[in-house]
Amino acid sequence: MTLPLISVVIPTYGREEVLRDTLTNVIQQDYPNYEVLVVDQTQNHEPETEAYLNELAATEKIRLFRVGWASLPGARNYAVRRALGEIILFIDDDVQLPPGFIAAHAQNFSRSEIGAVAGRVFDRMKLADADPGLTIEYLPAEAMDPGIAWYHIDLVHTIKPQRVLTARGCNMSFRRDLFEKYGLWFDERFRGSAVREESDFCLHIRQTGLQIWYDPEAHLVHLGEETGGCHDISTRSLKYQITFYHNHFLLGLKNLTFSQALRLFARLFDCHVLGRPPCHKSGSPLKILSRAGFYTAGFLSALWTVIQSLWNDGQSYSRLDQEDSSPKISLNSQKSEVKSQESGVSG
């Protein structure tokens, strides 16, 4: 059986040692037919990181792309346009992978109804906050309701394979057809740390009839570094707080029915503003008032983003890429070149 070529995509911004460790881990994978694309949005690396990236690129262990902007959904789209694989696998730049990680994703795509795979995430921060003995076999029905699913989907503690509504952005894979045949792309209007950008994309998969399948065997450890990633912003900053709410409201305004959106926005207020479980935030009146201000500002910002959609399709970074006058090899010719090699591009 011919194994599909997997394109492993790693967007990175502001990461140094943890990026080097992630890449070392990726290129040691035992899957025989994969390539690694690194979209580097960091303007100035430490000398050790710069040398390591250049060495991996020179020895063709990675395909390195440097861009002058920072956007996680923009970087994902940029990589997809250059990827050669039948399957596009996205991971973060601060993860640890078991040896069979890529193979675990690949095996699911033998089923034609599967359009995407959500992997399990051993999230360092979420594991620290939860009951150490917690395991979930099957997610509740609420986890498939787009109005409230975001407070019931737990891809950290769930141990059984099953259909899900969305994936975690640090561990997810998709058929190339979703981009080429169905024309789905990541919305580059999701800002900052781009929280919910992957959920927005996954909700659009419903239109194709394909399924998102959760496979706990496709697991990794997410280190959750506090700086770097897509944008280096403190969770205590004004910009982060408004961006967090903007992205949640944008998800609802774009994808949900009126009743679903109301339930999402009410749950968002209950958890993140009032601080009730599972958020467990301070009940101080001053802090609640402050968070309510961010909530309101985020809603108005998202509403303006939706109004701007009349003339902004949410692909600003992709337009910059497409307007680039540098010559590009056609996708078909790239695919032909890869297929002519005996074992594809491997780590």
# chains A, B, ... in the order shown; residues from 1 in each chain; ligands from 1
>>> closest_atom_pairs(of="range 108-191 of chain A", to="range 245-268 of chain A", cutoff="6 Å", atoms="only C-alpha atoms", output="Markdown table")
| residue | atom | partner | partner_atom | distance |
| --- | --- | --- | --- | --- |
| A:Gly147 | CA | A:Gln260 | CA | 4.2 |
| A:Ile148 | CA | A:Leu264 | CA | 5.6 |
| A:Phe190 | CA | A:Asn247 | CA | 5.7 |
>>> write_last_selection(atoms="N, CA and C atoms", output="compact mmCIF listing (two decimals), in the first residue's frame")
# COMPACT_ATOMS: atom_id res chain seq x y z
N GLY A 147 -23.14 25.97 19.63
CA GLY A 147 -23.41 27.08 20.51
C GLY A 147 -22.69 26.97 21.84
N ILE A 148 -22.49 25.75 22.33
CA ILE A 148 -21.88 25.56 23.65
C ILE A 148 -20.74 24.54 23.65
N PHE A 190 -8.73 36.50 12.15
CA PHE A 190 -8.56 36.08 13.54
C PHE A 190 -7.19 36.57 14.00
>>> residues_around(residues="Ile136 in chain A", least_positions_apart="3", cutoff="7 Å", atoms="only C-alpha atoms", output="ChimeraX atom specification")
/A:139,157-159
>>> write_last_selection(atoms="N, CA and C atoms", output="mmCIF file, in the first residue's frame")
data_model
loop_
_atom_site.group_PDB
_atom_site.id
_atom_site.type_symbol
_atom_site.label_atom_id
_atom_site.label_comp_id
_atom_site.auth_asym_id
_atom_site.auth_seq_id
_atom_site.Cartn_x
_atom_site.Cartn_y
_atom_site.Cartn_z
ATOM 1 N N LEU A 139 -17.287 12.067 24.659
ATOM 2 C CA LEU A 139 -17.695 13.432 24.968
ATOM 3 C C LEU A 139 -19.214 13.519 25.034
ATOM 4 N N HIS A 157 -8.265 14.934 27.952
ATOM 5 C CA HIS A 157 -8.548 13.780 28.809
ATOM 6 C C HIS A 157 -9.370 12.685 28.127
ATOM 7 N N THR A 158 -9.816 12.901 26.884
ATOM 8 C CA THR A 158 -10.669 11.923 26.197
ATOM 9 C C THR A 158 -9.824 10.797 25.619
ATOM 10 N N ILE A 159 -10.255 9.558 25.864
ATOM 11 C CA ILE A 159 -9.406 8.403 25.543
ATOM 12 C C ILE A 159 -9.958 7.512 24.437
#
>>> residues_around(residues="Ser290 in chain A", least_positions_apart="2", cutoff="12 Å", atoms="only C-alpha atoms", output="PyMOL selection string")
chain A and resi 236+238+241-242+272-275+282-288+292-297
>>> write_last_selection(atoms="C-alpha atoms", output="PDB file, in the first residue's frame")
ATOM      1  CA  ARG A 236      -2.651  40.472  30.974  1.00  0.00           C
ATOM      2  CA  LEU A 238      -5.203  45.164  26.914  1.00  0.00           C
ATOM      3  CA  GLN A 241      -7.919  40.670  26.205  1.00  0.00           C
ATOM      4  CA  ILE A 242      -9.758  42.514  23.426  1.00  0.00           C
ATOM      5  CA  HIS A 272     -14.777  34.612  31.266  1.00  0.00           C
ATOM      6  CA  VAL A 273     -16.418  37.742  32.697  1.00  0.00           C
ATOM      7  CA  LEU A 274     -18.186  36.453  35.819  1.00  0.00           C
ATOM      8  CA  GLY A 275     -15.450  33.881  36.299  1.00  0.00           C
ATOM      9  CA  SER A 282     -11.657  36.206  40.592  1.00  0.00           C
ATOM     10  CA  GLY A 283     -15.124  37.377  41.662  1.00  0.00           C
ATOM     11  CA  SER A 284     -13.863  40.828  42.594  1.00  0.00           C
ATOM     12  CA  PRO A 285     -16.401  43.457  41.391  1.00  0.00           C
ATOM     13  CA  LEU A 286     -13.586  45.579  39.951  1.00  0.00           C
ATOM     14  CA  LYS A 287     -12.162  42.658  37.973  1.00  0.00           C
ATOM     15  CA  ILE A 288     -15.605  41.630  36.716  1.00  0.00           C
ATOM     16  CA  ALA A 292     -16.969  43.227  31.073  1.00  0.00           C
ATOM     17  CA  GLY A 293     -15.284  46.192  29.415  1.00  0.00           C
ATOM     18  CA  PHE A 294     -13.018  43.876  27.414  1.00  0.00           C
ATOM     19  CA  TYR A 295     -16.036  41.724  26.525  1.00  0.00           C
ATOM     20  CA  THR A 296     -17.921  44.766  25.172  1.00  0.00           C
ATOM     21  CA  ALA A 297     -14.903  46.105  23.296  1.00  0.00           C
TER      22      ALA A 297
END
>>> closest_residue(among="A:Asp145, A:Glu55, A:Asp270, A:Asp154", to="Leu203 in chain A", atoms="only C-alpha atoms")
A:Asp145
>>> select_by_dssp(residues="range 103-235 of chain A", states="alpha helix (DSSP H)", output="mmCIF file with C-alpha atoms, in the first residue's frame")
data_model
loop_
_atom_site.group_PDB
_atom_site.id
_atom_site.type_symbol
_atom_site.label_atom_id
_atom_site.label_comp_id
_atom_site.auth_asym_id
_atom_site.auth_seq_id
_atom_site.Cartn_x
_atom_site.Cartn_y
_atom_site.Cartn_z
ATOM 1 C CA ALA A 103 1.713 7.497 11.202
ATOM 2 C CA ALA A 104 -1.127 7.754 13.729
ATOM 3 C CA HIS A 105 -2.585 10.693 11.815
ATOM 4 C CA ALA A 106 -2.047 9.060 8.408
ATOM 5 C CA GLN A 107 -3.838 5.781 9.214
ATOM 6 C CA ARG A 124 0.885 20.938 30.245
ATOM 7 C CA MET A 125 -1.241 23.757 31.672
ATOM 8 C CA LYS A 126 -4.617 22.015 31.369
ATOM 9 C CA LEU A 127 -3.284 18.827 32.935
ATOM 10 C CA ALA A 128 -1.911 20.814 35.876
ATOM 11 C CA ASP A 129 -5.314 22.414 36.517
ATOM 12 C CA ASP A 177 -9.165 18.468 -0.922
ATOM 13 C CA LEU A 178 -10.586 20.733 1.770
ATOM 14 C CA PHE A 179 -8.409 23.529 0.423
ATOM 15 C CA GLU A 180 -8.263 22.719 -3.291
ATOM 16 C CA GLU A 197 -9.175 30.327 14.092
ATOM 17 C CA GLU A 198 -8.989 26.524 13.887
ATOM 18 C CA SER A 199 -12.549 26.210 15.204
ATOM 19 C CA ASP A 200 -13.781 28.582 12.511
ATOM 20 C CA PHE A 201 -12.107 26.454 9.847
ATOM 21 C CA CYS A 202 -13.461 23.216 11.319
ATOM 22 C CA LEU A 203 -17.028 24.529 11.403
ATOM 23 C CA HIS A 204 -16.843 25.096 7.644
ATOM 24 C CA ILE A 205 -15.951 21.425 7.118
#
>>> residues_around(residues="range 16-31 of chain A", least_positions_apart="4", cutoff="6 Å", atoms="only C-alpha atoms", output="MDAnalysis selection string")
chainID A and resid 49 93:95 99 103 347
